[in-house]
Amino acid sequence: MLRPYLFSPAKVQQGLADMRQMMLENGVTTSADLAFGGFGGPAMESALFKSLYDQPTTPSRILAIPVAPLVTGDPNVWLKDMKARYDSPKFFFSNRVKLFADGAFFAQYMQMNPPGYSDGHEGKWLTEPEELLKQTERFWDAGWNLHTHVNGDRGLDVVLDITEKLALRNGQNIVMEHLGYSTEAQNRRIGDMGLYVSAQPNYIRILGDAYAKTGMGPDRAAQMSRLGSLERKGVPLGLHSDFNMAPIDPLYLAWVASNRITLDGNVKAPKERLSLDKALRAITVEAAQVIGLDAMVGSIATGKKADFTVLDRDPYAGGAAKLREVGIKGVIFEGRWFLAE
């Protein structure tokens, strides 16, 4: 009953305007919306995004990645129609889709392998495994790239088993989204299968101590966001905010991933820290890679967009411990200067 009020066009438009400002203040020039259409539908959300982003005063662009149930009929016919109706240089679609396996990490609804949760409650499936297999095969056979929301190790087993059933093709990739808790053996599978990861590192900072006490226990809670393991296996890795689960602040995310310090000041599983170099790559060139835009953005190179963020200091000079102290002066977006204010 509250949906028409909470997600009215006026409220969504104001939220998008606020998000656009936060992107500028934190040096973000390109973002992907991986729940596109999930609140107001693809048509309404496309019109609102375009009204804000198709402006010369907007120093950022959005890649719309729809949730799977909204892509009706033949996926490629749907995509062709959406691109014809809405695509522009700052708002566009590609052959990427968002799938959902198990439940949310913040709600402790991720699906966990034995011993499960310490209080005995059960995780949830957002998409039952049989249906997830059908959705995965449908989009894969249509030539699309897959972004699969998965949080617990039982959920990840299901997603990896489904992935192994696919005939791997050049030009298509599969991204594990969030990856809240994985085992070392699962990370090895991810590396061996050539998958990508888009991680939400804020889990360890916000929940590392809380989940040690309730739900997961100290050992598994310390191993949340097992990103150092992925780096050692050479897995392409991006860091995302999942806004508003974390701030739209890439340097903060890099700081969390390379320090693993909880809100109470405890360092969790230091071997799972990212190196400074990998953390910075995970908010630049590898972040672009996991959304398929590394030929356009992510680094400064001939033929790419003239986008970069202007910092108030060299992030390498202060090391990983000082990353969250680095300030944003503004951005160069397609060769134009925009002051962060």
# chains A, B, ... in the order shown; residues from 1 in each chain; ligands from 1

$ select_by_dssp --residues "range 44-292 of chain A" --states "helix (DSSP H, G or I)" --output "CSV table (one decimal) with N, CA, C and O atoms, in the first residue's frame"
chain,number,residue,atom,x,y,z
A,44,MET,N,9.6,3.8,-16.1
A,44,MET,CA,9.6,4.9,-15.2
A,44,MET,C,11.0,5.3,-14.8
A,44,MET,O,11.5,6.5,-14.8
A,45,GLU,N,11.8,4.3,-14.4
A,45,GLU,CA,13.2,4.5,-13.9
A,45,GLU,C,14.0,5.1,-15.0
A,45,GLU,O,14.9,6.0,-14.8
A,46,SER,N,13.9,4.6,-16.2
A,46,SER,CA,14.7,5.1,-17.4
A,46,SER,C,14.4,6.5,-17.6
A,46,SER,O,15.3,7.3,-17.8
A,47,ALA,N,13.1,6.9,-17.6
A,47,ALA,CA,12.8,8.3,-17.8
A,47,ALA,C,13.4,9.2,-16.7
A,47,ALA,O,13.9,10.3,-17.0
A,48,LEU,N,13.3,8.8,-15.5
A,48,LEU,CA,13.9,9.6,-14.4
A,48,LEU,C,15.4,9.7,-14.5
A,48,LEU,O,16.0,10.8,-14.3
A,49,PHE,N,16.1,8.6,-14.7
A,49,PHE,CA,17.5,8.6,-14.9
A,49,PHE,C,17.9,9.5,-16.0
A,49,PHE,O,18.9,10.4,-15.8
A,50,LYS,N,17.3,9.5,-17.1
A,50,LYS,CA,17.6,10.3,-18.3
A,50,LYS,C,17.4,11.8,-18.0
A,50,LYS,O,18.2,12.6,-18.4
A,51,SER,N,16.4,12.1,-17.2
A,51,SER,CA,16.1,13.5,-16.9
A,51,SER,C,17.2,14.1,-16.1
A,51,SER,O,17.4,15.3,-16.2
A,52,LEU,N,17.9,13.3,-15.3
A,52,LEU,CA,19.0,13.8,-14.5
A,52,LEU,C,20.4,13.6,-15.1
A,52,LEU,O,21.3,14.5,-15.0
A,53,TYR,N,20.6,12.5,-15.8
A,53,TYR,CA,22.0,12.2,-16.3
A,53,TYR,C,22.2,12.8,-17.7
A,53,TYR,O,23.4,13.0,-18.0
A,68,ALA,N,16.4,-9.9,-13.3
A,68,ALA,CA,16.0,-10.9,-14.3
A,68,ALA,C,14.5,-11.0,-14.6
A,68,ALA,O,14.1,-11.1,-15.8
A,69,PRO,N,13.6,-11.0,-13.6
A,69,PRO,CA,12.2,-11.2,-13.9
A,69,PRO,C,11.6,-10.0,-14.7
A,69,PRO,O,10.6,-10.2,-15.4
A,70,LEU,N,12.3,-8.9,-14.8
A,70,LEU,CA,11.8,-7.8,-15.6
A,70,LEU,C,12.1,-7.9,-17.1
A,70,LEU,O,11.5,-7.1,-17.9
A,75,PRO,N,15.3,-12.2,-24.4
A,75,PRO,CA,16.1,-11.1,-23.8
A,75,PRO,C,16.8,-10.2,-24.8
A,75,PRO,O,16.9,-9.0,-24.5
A,76,ASN,N,17.2,-10.6,-26.0
A,76,ASN,CA,17.8,-9.8,-26.9
A,76,ASN,C,16.8,-8.8,-27.6
A,76,ASN,O,17.2,-7.7,-28.0
A,77,VAL,N,15.6,-9.3,-27.8
A,77,VAL,CA,14.5,-8.4,-28.3
A,77,VAL,C,14.2,-7.3,-27.3
A,77,VAL,O,14.1,-6.1,-27.6
A,78,TRP,N,14.1,-7.7,-26.0
A,78,TRP,CA,13.9,-6.7,-25.0
A,78,TRP,C,15.0,-5.7,-24.9
A,78,TRP,O,14.8,-4.5,-24.8
A,79,LEU,N,16.3,-6.2,-25.0
A,79,LEU,CA,17.4,-5.2,-24.9
A,79,LEU,C,17.4,-4.3,-26.1
A,79,LEU,O,17.7,-3.1,-25.9
A,80,LYS,N,17.2,-4.8,-27.3
A,80,LYS,CA,17.2,-3.9,-28.5
A,80,LYS,C,16.1,-2.8,-28.3
A,80,LYS,O,16.4,-1.7,-28.7
A,81,ASP,N,15.0,-3.2,-27.8
A,81,ASP,CA,13.9,-2.2,-27.6
A,81,ASP,C,14.3,-1.1,-26.6
A,81,ASP,O,14.1,0.1,-26.8
A,82,MET,N,14.8,-1.6,-25.4
A,82,MET,CA,15.2,-0.6,-24.4
A,82,MET,C,16.3,0.3,-24.9
A,82,MET,O,16.3,1.5,-24.6
A,83,LYS,N,17.3,-0.2,-25.6
A,83,LYS,CA,18.4,0.6,-26.1
A,83,LYS,C,17.9,1.6,-27.1
A,83,LYS,O,18.3,2.8,-27.1
A,84,ALA,N,16.9,1.2,-28.0
A,84,ALA,CA,16.4,2.1,-28.9
A,84,ALA,C,15.6,3.2,-28.3
A,84,ALA,O,15.6,4.4,-28.7
A,85,ARG,N,14.9,2.9,-27.2
A,85,ARG,CA,14.1,3.9,-26.5
A,85,ARG,C,14.8,4.8,-25.6
A,85,ARG,O,14.5,6.0,-25.4
A,86,TYR,N,15.9,4.3,-24.9
A,86,TYR,CA,16.5,5.0,-23.8
A,86,TYR,C,18.0,5.3,-23.9
A,86,TYR,O,18.5,6.2,-23.2
A,129,PRO,N,16.8,-22.8,-6.1
A,129,PRO,CA,17.9,-23.3,-7.0
A,129,PRO,C,17.4,-23.8,-8.4
A,129,PRO,O,18.0,-23.5,-9.4
A,130,GLU,N,16.2,-24.5,-8.5
A,130,GLU,CA,15.7,-24.9,-9.7
A,130,GLU,C,15.4,-23.8,-10.7
A,130,GLU,O,15.7,-23.8,-11.9
A,131,GLU,N,14.7,-22.7,-10.1
A,131,GLU,CA,14.4,-21.6,-10.9
A,131,GLU,C,15.6,-20.8,-11.3
A,131,GLU,O,15.7,-20.2,-12.4
A,132,LEU,N,16.6,-20.7,-10.4
A,132,LEU,CA,17.8,-20.0,-10.7
A,132,LEU,C,18.6,-20.6,-11.8
A,132,LEU,O,19.1,-19.9,-12.7
A,133,LEU,N,18.6,-22.0,-11.9
A,133,LEU,CA,19.2,-22.7,-13.0
A,133,LEU,C,18.5,-22.3,-14.3
A,133,LEU,O,19.2,-22.0,-15.3
A,134,LYS,N,17.2,-22.2,-14.3
A,134,LYS,CA,16.5,-21.9,-15.5
A,134,LYS,C,16.8,-20.5,-16.0
A,134,LYS,O,17.0,-20.2,-17.2
A,135,GLN,N,16.8,-19.5,-15.0
A,135,GLN,CA,17.1,-18.1,-15.3
A,135,GLN,C,18.5,-18.0,-15.9
A,135,GLN,O,18.8,-17.3,-16.9
A,136,THR,N,19.4,-18.7,-15.2
A,136,THR,CA,20.8,-18.6,-15.6
A,136,THR,C,21.0,-19.1,-17.1
A,136,THR,O,21.7,-18.5,-17.9
A,137,GLU,N,20.4,-20.3,-17.4
A,137,GLU,CA,20.6,-20.9,-18.7
A,137,GLU,C,19.9,-20.0,-19.7
A,137,GLU,O,20.4,-19.9,-20.9
A,138,ARG,N,18.8,-19.4,-19.4
A,138,ARG,CA,18.0,-18.5,-20.3
A,138,ARG,C,18.9,-17.4,-20.8
A,138,ARG,O,19.0,-17.1,-22.0
A,139,PHE,N,19.5,-16.7,-19.9
A,139,PHE,CA,20.3,-15.5,-20.2
A,139,PHE,C,21.6,-15.9,-20.8
A,139,PHE,O,22.2,-15.2,-21.7
A,140,TRP,N,22.2,-17.0,-20.3
A,140,TRP,CA,23.5,-17.4,-20.8
A,140,TRP,C,23.4,-17.8,-22.3
A,140,TRP,O,24.2,-17.5,-23.2
A,141,ASP,N,22.3,-18.6,-22.6
A,141,ASP,CA,22.1,-19.0,-24.0
A,141,ASP,C,21.8,-17.9,-24.9
A,141,ASP,O,22.0,-18.0,-26.1
A,153,ASP,N,27.9,-19.5,2.0
A,153,ASP,CA,28.7,-20.5,1.4
A,153,ASP,C,27.8,-21.6,0.8
A,153,ASP,O,28.1,-22.2,-0.3
A,154,ARG,N,26.6,-21.9,1.4
A,154,ARG,CA,25.7,-22.8,0.7
A,154,ARG,C,25.1,-22.2,-0.5
A,154,ARG,O,25.0,-22.9,-1.6
A,155,GLY,N,24.8,-21.0,-0.5
A,155,GLY,CA,24.3,-20.3,-1.7
A,155,GLY,C,25.4,-20.3,-2.8
A,155,GLY,O,25.1,-20.6,-4.0
A,156,LEU,N,26.6,-20.1,-2.4
A,156,LEU,CA,27.7,-20.1,-3.4
A,156,LEU,C,27.9,-21.5,-4.0
A,156,LEU,O,28.2,-21.6,-5.2
A,157,ASP,N,27.8,-22.5,-3.2
A,157,ASP,CA,27.9,-23.9,-3.8
A,157,ASP,C,26.9,-24.1,-4.9
A,157,ASP,O,27.2,-24.6,-5.9
A,158,VAL,N,25.6,-23.6,-4.6
A,158,VAL,CA,24.6,-23.8,-5.7
A,158,VAL,C,24.9,-23.0,-6.9
A,158,VAL,O,24.8,-23.5,-8.0
A,159,VAL,N,25.4,-21.7,-6.7
A,159,VAL,CA,25.7,-20.9,-7.9
A,159,VAL,C,26.9,-21.5,-8.7
A,159,VAL,O,26.9,-21.5,-9.9
A,160,LEU,N,27.9,-22.0,-8.0
A,160,LEU,CA,29.1,-22.5,-8.7
A,160,LEU,C,28.7,-23.8,-9.4
A,160,LEU,O,29.2,-24.1,-10.5
A,161,ASP,N,27.8,-24.6,-8.8
A,161,ASP,CA,27.4,-25.9,-9.4
A,161,ASP,C,26.6,-25.6,-10.7
A,161,ASP,O,26.7,-26.2,-11.7
A,162,ILE,N,25.8,-24.5,-10.6
A,162,ILE,CA,25.0,-24.1,-11.8
A,162,ILE,C,26.0,-23.6,-12.9
A,162,ILE,O,25.8,-24.0,-14.1
A,163,THR,N,26.9,-22.8,-12.5
A,163,THR,CA,27.9,-22.3,-13.4
A,163,THR,C,28.7,-23.4,-14.2
A,163,THR,O,28.9,-23.3,-15.4
A,164,GLU,N,29.0,-24.4,-13.5
A,164,GLU,CA,29.7,-25.5,-14.1
A,164,GLU,C,28.9,-26.2,-15.2
A,164,GLU,O,29.5,-26.9,-16.0
A,184,GLU,N,37.9,-21.1,1.5
A,184,GLU,CA,39.1,-21.1,0.7
A,184,GLU,C,38.9,-22.0,-0.5
A,184,GLU,O,39.3,-21.7,-1.6
A,185,ALA,N,38.2,-23.1,-0.3
A,185,ALA,CA,38.0,-24.1,-1.4
A,185,ALA,C,37.1,-23.4,-2.5
A,185,ALA,O,37.3,-23.6,-3.7
A,186,GLN,N,36.1,-22.7,-2.1
A,186,GLN,CA,35.2,-22.0,-3.0
A,186,GLN,C,35.9,-20.9,-3.8
A,186,GLN,O,35.7,-20.8,-5.0
A,187,ASN,N,36.8,-20.2,-3.1
A,187,ASN,CA,37.6,-19.2,-3.8
A,187,ASN,C,38.5,-19.8,-4.8
A,187,ASN,O,38.7,-19.2,-5.9
A,188,ARG,N,39.0,-21.0,-4.5
A,188,ARG,CA,39.8,-21.7,-5.5
A,188,ARG,C,39.0,-22.1,-6.7
A,188,ARG,O,39.5,-21.9,-7.9
A,189,ARG,N,37.7,-22.5,-6.5
A,189,ARG,CA,36.9,-22.8,-7.6
A,189,ARG,C,36.6,-21.5,-8.5
A,189,ARG,O,36.6,-21.6,-9.7
A,190,ILE,N,36.4,-20.4,-7.8
A,190,ILE,CA,36.1,-19.2,-8.5
A,190,ILE,C,37.3,-18.8,-9.4
A,190,ILE,O,37.1,-18.5,-10.6
A,191,GLY,N,38.5,-19.0,-8.9
A,191,GLY,CA,39.7,-18.7,-9.6
A,191,GLY,C,39.9,-19.7,-10.8
A,191,GLY,O,40.2,-19.3,-11.9
A,192,ASP,N,39.7,-21.0,-10.5
A,192,ASP,CA,39.9,-22.0,-11.5
A,192,ASP,C,38.8,-21.8,-12.7
A,192,ASP,O,39.1,-22.2,-13.8
A,202,ASN,N,32.2,-3.8,3.2
A,202,ASN,CA,31.7,-3.2,4.4
A,202,ASN,C,31.1,-4.2,5.4
A,202,ASN,O,31.0,-3.9,6.6
A,203,TYR,N,30.8,-5.4,4.9
A,203,TYR,CA,30.3,-6.4,5.8
A,203,TYR,C,31.3,-6.6,7.0
A,203,TYR,O,30.9,-6.7,8.2
A,204,ILE,N,32.6,-6.7,6.7
A,204,ILE,CA,33.5,-7.1,7.8
A,204,ILE,C,33.6,-5.9,8.8
A,204,ILE,O,33.7,-6.1,10.0
A,205,ARG,N,33.5,-4.7,8.3
A,205,ARG,CA,33.6,-3.6,9.2
A,205,ARG,C,32.4,-3.4,10.1
A,205,ARG,O,32.5,-3.3,11.3
A,206,ILE,N,31.2,-3.5,9.5
A,206,ILE,CA,30.0,-3.3,10.2
A,206,ILE,C,29.6,-4.5,11.1
A,206,ILE,O,29.1,-4.3,12.2
A,207,LEU,N,29.8,-5.7,10.5
A,207,LEU,CA,29.2,-6.9,11.1
A,207,LEU,C,30.2,-7.9,11.7
A,207,LEU,O,29.8,-8.9,12.3
A,208,GLY,N,31.5,-7.6,11.5
A,208,GLY,CA,32.5,-8.6,11.9
A,208,GLY,C,32.4,-8.9,13.4
A,208,GLY,O,32.5,-10.1,13.8
A,209,ASP,N,32.2,-8.0,14.3
A,209,ASP,CA,32.1,-8.2,15.7
A,209,ASP,C,30.7,-8.7,16.1
A,209,ASP,O,30.6,-9.7,16.9
A,210,ALA,N,29.7,-8.1,15.5
A,210,ALA,CA,28.3,-8.5,15.8
A,210,ALA,C,28.0,-10.0,15.4
A,210,ALA,O,27.4,-10.7,16.2
A,211,TYR,N,28.5,-10.4,14.3
A,211,TYR,CA,28.2,-11.8,13.8
A,211,TYR,C,29.1,-12.8,14.5
A,211,TYR,O,28.7,-14.0,14.6
A,212,ALA,N,30.2,-12.3,15.1
A,212,ALA,CA,31.0,-13.2,15.9
A,212,ALA,C,30.2,-13.6,17.2
A,212,ALA,O,30.4,-14.8,17.7
A,213,LYS,N,29.4,-12.7,17.7
A,213,LYS,CA,28.6,-13.0,18.9
A,213,LYS,C,27.3,-13.7,18.6
A,213,LYS,O,26.9,-14.5,19.4
A,217,GLY,N,29.5,-17.0,14.8
A,217,GLY,CA,30.7,-17.4,15.6
A,217,GLY,C,31.9,-16.7,15.2
A,217,GLY,O,32.0,-16.2,14.1
A,218,PRO,N,33.0,-16.7,16.1
A,218,PRO,CA,34.1,-15.8,15.8
A,218,PRO,C,35.0,-16.3,14.6
A,218,PRO,O,35.5,-15.4,13.9
A,219,ASP,N,35.1,-17.6,14.3
A,219,ASP,CA,35.9,-18.0,13.2
A,219,ASP,C,35.4,-17.6,11.9
A,219,ASP,O,36.0,-17.0,11.1
A,220,ARG,N,34.1,-18.0,11.6
A,220,ARG,CA,33.5,-17.6,10.3
A,220,ARG,C,33.3,-16.1,10.2
A,220,ARG,O,33.5,-15.6,9.1
A,221,ALA,N,32.9,-15.5,11.3
A,221,ALA,CA,32.7,-14.0,11.2
A,221,ALA,C,34.0,-13.3,10.8
A,221,ALA,O,34.0,-12.3,10.0
A,222,ALA,N,35.1,-13.8,11.3
A,222,ALA,CA,36.4,-13.2,11.0
A,222,ALA,C,36.8,-13.3,9.5
A,222,ALA,O,37.5,-12.5,8.9
A,227,LEU,N,38.8,-11.5,0.8
A,227,LEU,CA,39.3,-10.9,-0.5
A,227,LEU,C,40.8,-11.1,-0.7
A,227,LEU,O,41.2,-11.2,-1.9
A,228,GLY,N,41.6,-11.2,0.3
A,228,GLY,CA,43.0,-11.5,0.1
A,228,GLY,C,43.2,-12.8,-0.6
A,228,GLY,O,44.1,-12.9,-1.5
A,229,SER,N,42.4,-13.8,-0.3
A,229,SER,CA,42.4,-15.1,-0.9
A,229,SER,C,42.2,-14.9,-2.4
A,229,SER,O,42.8,-15.6,-3.3
A,230,LEU,N,41.2,-14.1,-2.8
A,230,LEU,CA,40.9,-13.9,-4.2
A,230,LEU,C,42.0,-13.2,-4.9
A,230,LEU,O,42.4,-13.5,-6.1
A,231,GLU,N,42.7,-12.2,-4.3
A,231,GLU,CA,43.8,-11.5,-4.9
A,231,GLU,C,44.9,-12.5,-5.1
A,231,GLU,O,45.5,-12.5,-6.2
A,232,ARG,N,45.2,-13.4,-4.2
A,232,ARG,CA,46.3,-14.4,-4.4
A,232,ARG,C,46.0,-15.4,-5.6
A,232,ARG,O,46.9,-15.9,-6.1
A,250,PRO,N,34.4,5.2,-2.8
A,250,PRO,CA,35.3,4.1,-3.2
A,250,PRO,C,36.6,4.1,-2.3
A,250,PRO,O,37.0,3.0,-2.0
A,251,LEU,N,37.1,5.2,-1.9
A,251,LEU,CA,38.3,5.2,-1.1
A,251,LEU,C,38.0,4.6,0.3
A,251,LEU,O,38.9,3.9,0.9
A,252,TYR,N,36.9,4.8,0.8
A,252,TYR,CA,36.5,4.2,2.1
A,252,TYR,C,36.4,2.7,1.9
A,252,TYR,O,36.9,1.9,2.7
A,253,LEU,N,35.8,2.2,0.8
A,253,LEU,CA,35.7,0.8,0.6
A,253,LEU,C,37.1,0.2,0.4
A,253,LEU,O,37.3,-0.9,0.9
A,254,ALA,N,38.0,0.9,-0.3
A,254,ALA,CA,39.3,0.4,-0.4
A,254,ALA,C,40.0,0.3,0.9
A,254,ALA,O,40.8,-0.6,1.2
A,255,TRP,N,39.8,1.3,1.8
A,255,TRP,CA,40.4,1.3,3.1
A,255,TRP,C,39.9,0.1,3.9
A,255,TRP,O,40.6,-0.6,4.6
A,256,VAL,N,38.6,-0.1,3.9
A,256,VAL,CA,38.0,-1.3,4.6
A,256,VAL,C,38.6,-2.6,4.1
A,256,VAL,O,39.1,-3.4,4.9
A,257,ALA,N,38.7,-2.8,2.8
A,257,ALA,CA,39.2,-4.0,2.3
A,257,ALA,C,40.7,-4.2,2.5
A,257,ALA,O,41.1,-5.4,2.6
A,258,SER,N,41.4,-3.2,2.6
A,258,SER,CA,42.9,-3.3,2.8
A,258,SER,C,43.3,-3.2,4.3
A,258,SER,O,44.5,-3.3,4.6
A,259,ASN,N,42.3,-3.0,5.2
A,259,ASN,CA,42.7,-2.9,6.6
A,259,ASN,C,41.8,-3.9,7.5
A,259,ASN,O,42.3,-4.4,8.5
A,270,PRO,N,43.8,-10.8,9.2
A,270,PRO,CA,44.7,-9.9,8.4
A,270,PRO,C,45.2,-10.5,7.1
A,270,PRO,O,45.5,-9.7,6.2
A,271,LYS,N,45.3,-11.8,7.0
A,271,LYS,CA,45.7,-12.4,5.7
A,271,LYS,C,44.7,-12.2,4.6
A,271,LYS,O,45.0,-12.4,3.4
A,272,GLU,N,43.5,-11.8,5.0
A,272,GLU,CA,42.5,-11.5,4.0
A,272,GLU,C,42.4,-10.1,3.6
A,272,GLU,O,41.5,-9.7,2.8
A,276,LEU,N,47.4,-2.7,-1.1
A,276,LEU,CA,47.0,-1.4,-1.4
A,276,LEU,C,46.8,-1.3,-2.9
A,276,LEU,O,45.8,-0.7,-3.4
A,277,ASP,N,47.7,-1.8,-3.7
A,277,ASP,CA,47.6,-1.8,-5.2
A,277,ASP,C,46.3,-2.4,-5.7
A,277,ASP,O,45.6,-1.9,-6.5
A,278,LYS,N,46.0,-3.6,-5.1
A,278,LYS,CA,44.8,-4.3,-5.5
A,278,LYS,C,43.5,-3.6,-5.1
A,278,LYS,O,42.5,-3.5,-5.9
A,279,ALA,N,43.6,-3.0,-3.9
A,279,ALA,CA,42.4,-2.2,-3.4
A,279,ALA,C,42.1,-1.0,-4.3
A,279,ALA,O,41.0,-0.7,-4.6
A,280,LEU,N,43.2,-0.4,-4.8
A,280,LEU,CA,43.0,0.8,-5.7
A,280,LEU,C,42.5,0.3,-7.1
A,280,LEU,O,41.7,1.0,-7.8
A,281,ARG,N,43.1,-0.8,-7.5
A,281,ARG,CA,42.6,-1.4,-8.8
A,281,ARG,C,41.1,-1.8,-8.7
A,281,ARG,O,40.4,-1.7,-9.7
A,285,VAL,N,40.3,0.2,-12.4
A,285,VAL,CA,40.3,-0.6,-13.7
A,285,VAL,C,39.6,-1.9,-13.5
A,285,VAL,O,38.8,-2.4,-14.4
A,286,GLU,N,39.7,-2.6,-12.4
A,286,GLU,CA,39.1,-3.9,-12.2
A,286,GLU,C,37.6,-3.7,-11.9
A,286,GLU,O,36.8,-4.6,-12.2
A,287,ALA,N,37.2,-2.6,-11.2
A,287,ALA,CA,35.8,-2.3,-11.1
A,287,ALA,C,35.1,-2.1,-12.4
A,287,ALA,O,34.0,-2.6,-12.6
A,288,ALA,N,35.8,-1.4,-13.3
A,288,ALA,CA,35.3,-1.3,-14.7
A,288,ALA,C,35.2,-2.6,-15.4
A,288,ALA,O,34.3,-2.9,-16.2
A,289,GLN,N,36.2,-3.5,-15.2
A,289,GLN,CA,36.2,-4.8,-15.8
A,289,GLN,C,35.0,-5.6,-15.4
A,289,GLN,O,34.4,-6.3,-16.3
A,290,VAL,N,34.6,-5.6,-14.2
A,290,VAL,CA,33.5,-6.5,-13.7
A,290,VAL,C,32.2,-6.1,-14.2
A,290,VAL,O,31.2,-6.8,-14.2

$ select_by_dssp --residues "range 70-181 of chain A" --states "strand (DSSP E)" --output "list in words"
Phe91, Phe92, Phe93, Arg96, Val97, Lys98, Leu99, Phe100, Asn145, Leu146, His147, Thr148, His149, Val150, Ile174, Val175, Met176, Glu177 and His178 of chain A

$ atom_distance --atom1 "CA of Val71 in chain A" --atom2 "CA of His149 in chain A"
16.9 Å

$ closest_residue --among "A:Lys304, A:Arg226, A:His178, A:Arg336" --to "Leu274 in chain A" --atoms "only C-alpha atoms"
A:Arg226

$ closest_residue --among "A:Pro66, A:Gly73, A:Pro114, A:Gly194" --to "Thr148 in chain A" --atoms "only C-alpha atoms"
A:Pro66

$ atom_distance --atom1 "CA of Asp87 in chain A" --atom2 "CA of Gly41 in chain A"
16.1 Å

$ residues_around --residues "Ile62 in chain A" --least-positions-apart "6" --cutoff "8 Å" --atoms "only C-alpha atoms" --output "VMD selection string"
chain A and resid 30 to 33 53 90 to 92

$ atom_distance --atom1 "CA of Asn145 in chain A" --atom2 "CA of Asn170 in chain A"
10.9 Å

$ decode --residues "range 132-137 of chain A" --atoms "all heavy atoms" --output "PDB file, in the first residue's frame"
ATOM      1  N   LEU A 132      16.588 -20.703 -10.372  1.00  0.00           N
ATOM      2  CA  LEU A 132      17.826 -19.984 -10.661  1.00  0.00           C
ATOM      3  C   LEU A 132      18.562 -20.636 -11.830  1.00  0.00           C
ATOM      4  O   LEU A 132      19.125 -19.938 -12.691  1.00  0.00           O
ATOM      5  CB  LEU A 132      18.718 -19.939  -9.426  1.00  0.00           C
ATOM      6  CG  LEU A 132      20.028 -19.166  -9.569  1.00  0.00           C
ATOM      7  CD1 LEU A 132      19.769 -17.695  -9.884  1.00  0.00           C
ATOM      8  CD2 LEU A 132      20.870 -19.294  -8.294  1.00  0.00           C
ATOM      9  N   LEU A 133      18.570 -21.955 -11.881  1.00  0.00           N
ATOM     10  CA  LEU A 133      19.186 -22.660 -13.009  1.00  0.00           C
ATOM     11  C   LEU A 133      18.505 -22.283 -14.321  1.00  0.00           C
ATOM     12  O   LEU A 133      19.180 -21.996 -15.319  1.00  0.00           O
ATOM     13  CB  LEU A 133      19.116 -24.172 -12.786  1.00  0.00           C
ATOM     14  CG  LEU A 133      19.559 -25.054 -13.961  1.00  0.00           C
ATOM     15  CD1 LEU A 133      21.016 -24.795 -14.322  1.00  0.00           C
ATOM     16  CD2 LEU A 133      19.342 -26.530 -13.634  1.00  0.00           C
ATOM     17  N   LYS A 134      17.184 -22.236 -14.326  1.00  0.00           N
ATOM     18  CA  LYS A 134      16.457 -21.883 -15.545  1.00  0.00           C
ATOM     19  C   LYS A 134      16.781 -20.456 -15.982  1.00  0.00           C
ATOM     20  O   LYS A 134      16.995 -20.194 -17.168  1.00  0.00           O
ATOM     21  CB  LYS A 134      14.949 -22.033 -15.308  1.00  0.00           C
ATOM     22  CG  LYS A 134      14.474 -23.451 -15.104  1.00  0.00           C
ATOM     23  CD  LYS A 134      12.983 -23.491 -14.815  1.00  0.00           C
ATOM     24  CE  LYS A 134      12.500 -24.900 -14.520  1.00  0.00           C
ATOM     25  NZ  LYS A 134      11.041 -24.917 -14.179  1.00  0.00           N
ATOM     26  N   GLN A 135      16.784 -19.524 -15.016  1.00  0.00           N
ATOM     27  CA  GLN A 135      17.095 -18.134 -15.346  1.00  0.00           C
ATOM     28  C   GLN A 135      18.518 -18.007 -15.880  1.00  0.00           C
ATOM     29  O   GLN A 135      18.769 -17.305 -16.871  1.00  0.00           O
ATOM     30  CB  GLN A 135      16.924 -17.251 -14.116  1.00  0.00           C
ATOM     31  CG  GLN A 135      15.489 -17.068 -13.672  1.00  0.00           C
ATOM     32  CD  GLN A 135      15.382 -16.122 -12.481  1.00  0.00           C
ATOM     33  OE1 GLN A 135      16.376 -15.585 -11.990  1.00  0.00           O
ATOM     34  NE2 GLN A 135      14.159 -15.926 -11.995  1.00  0.00           N
ATOM     35  N   THR A 136      19.445 -18.690 -15.221  1.00  0.00           N
ATOM     36  CA  THR A 136      20.846 -18.632 -15.634  1.00  0.00           C
ATOM     37  C   THR A 136      21.012 -19.134 -17.063  1.00  0.00           C
ATOM     38  O   THR A 136      21.657 -18.491 -17.902  1.00  0.00           O
ATOM     39  CB  THR A 136      21.718 -19.456 -14.668  1.00  0.00           C
ATOM     40  OG1 THR A 136      21.619 -18.902 -13.352  1.00  0.00           O
ATOM     41  CG2 THR A 136      23.170 -19.444 -15.102  1.00  0.00           C
ATOM     42  N   GLU A 137      20.437 -20.285 -17.357  1.00  0.00           N
ATOM     43  CA  GLU A 137      20.561 -20.862 -18.699  1.00  0.00           C
ATOM     44  C   GLU A 137      19.876 -19.996 -19.748  1.00  0.00           C
ATOM     45  O   GLU A 137      20.386 -19.852 -20.869  1.00  0.00           O
ATOM     46  CB  GLU A 137      19.978 -22.271 -18.706  1.00  0.00           C
ATOM     47  CG  GLU A 137      20.803 -23.270 -17.906  1.00  0.00           C
ATOM     48  CD  GLU A 137      20.214 -24.657 -17.897  1.00  0.00           C
ATOM     49  OE1 GLU A 137      18.981 -24.792 -18.031  1.00  0.00           O
ATOM     50  OE2 GLU A 137      20.993 -25.620 -17.757  1.00  0.00           O
TER      51      GLU A 137
END
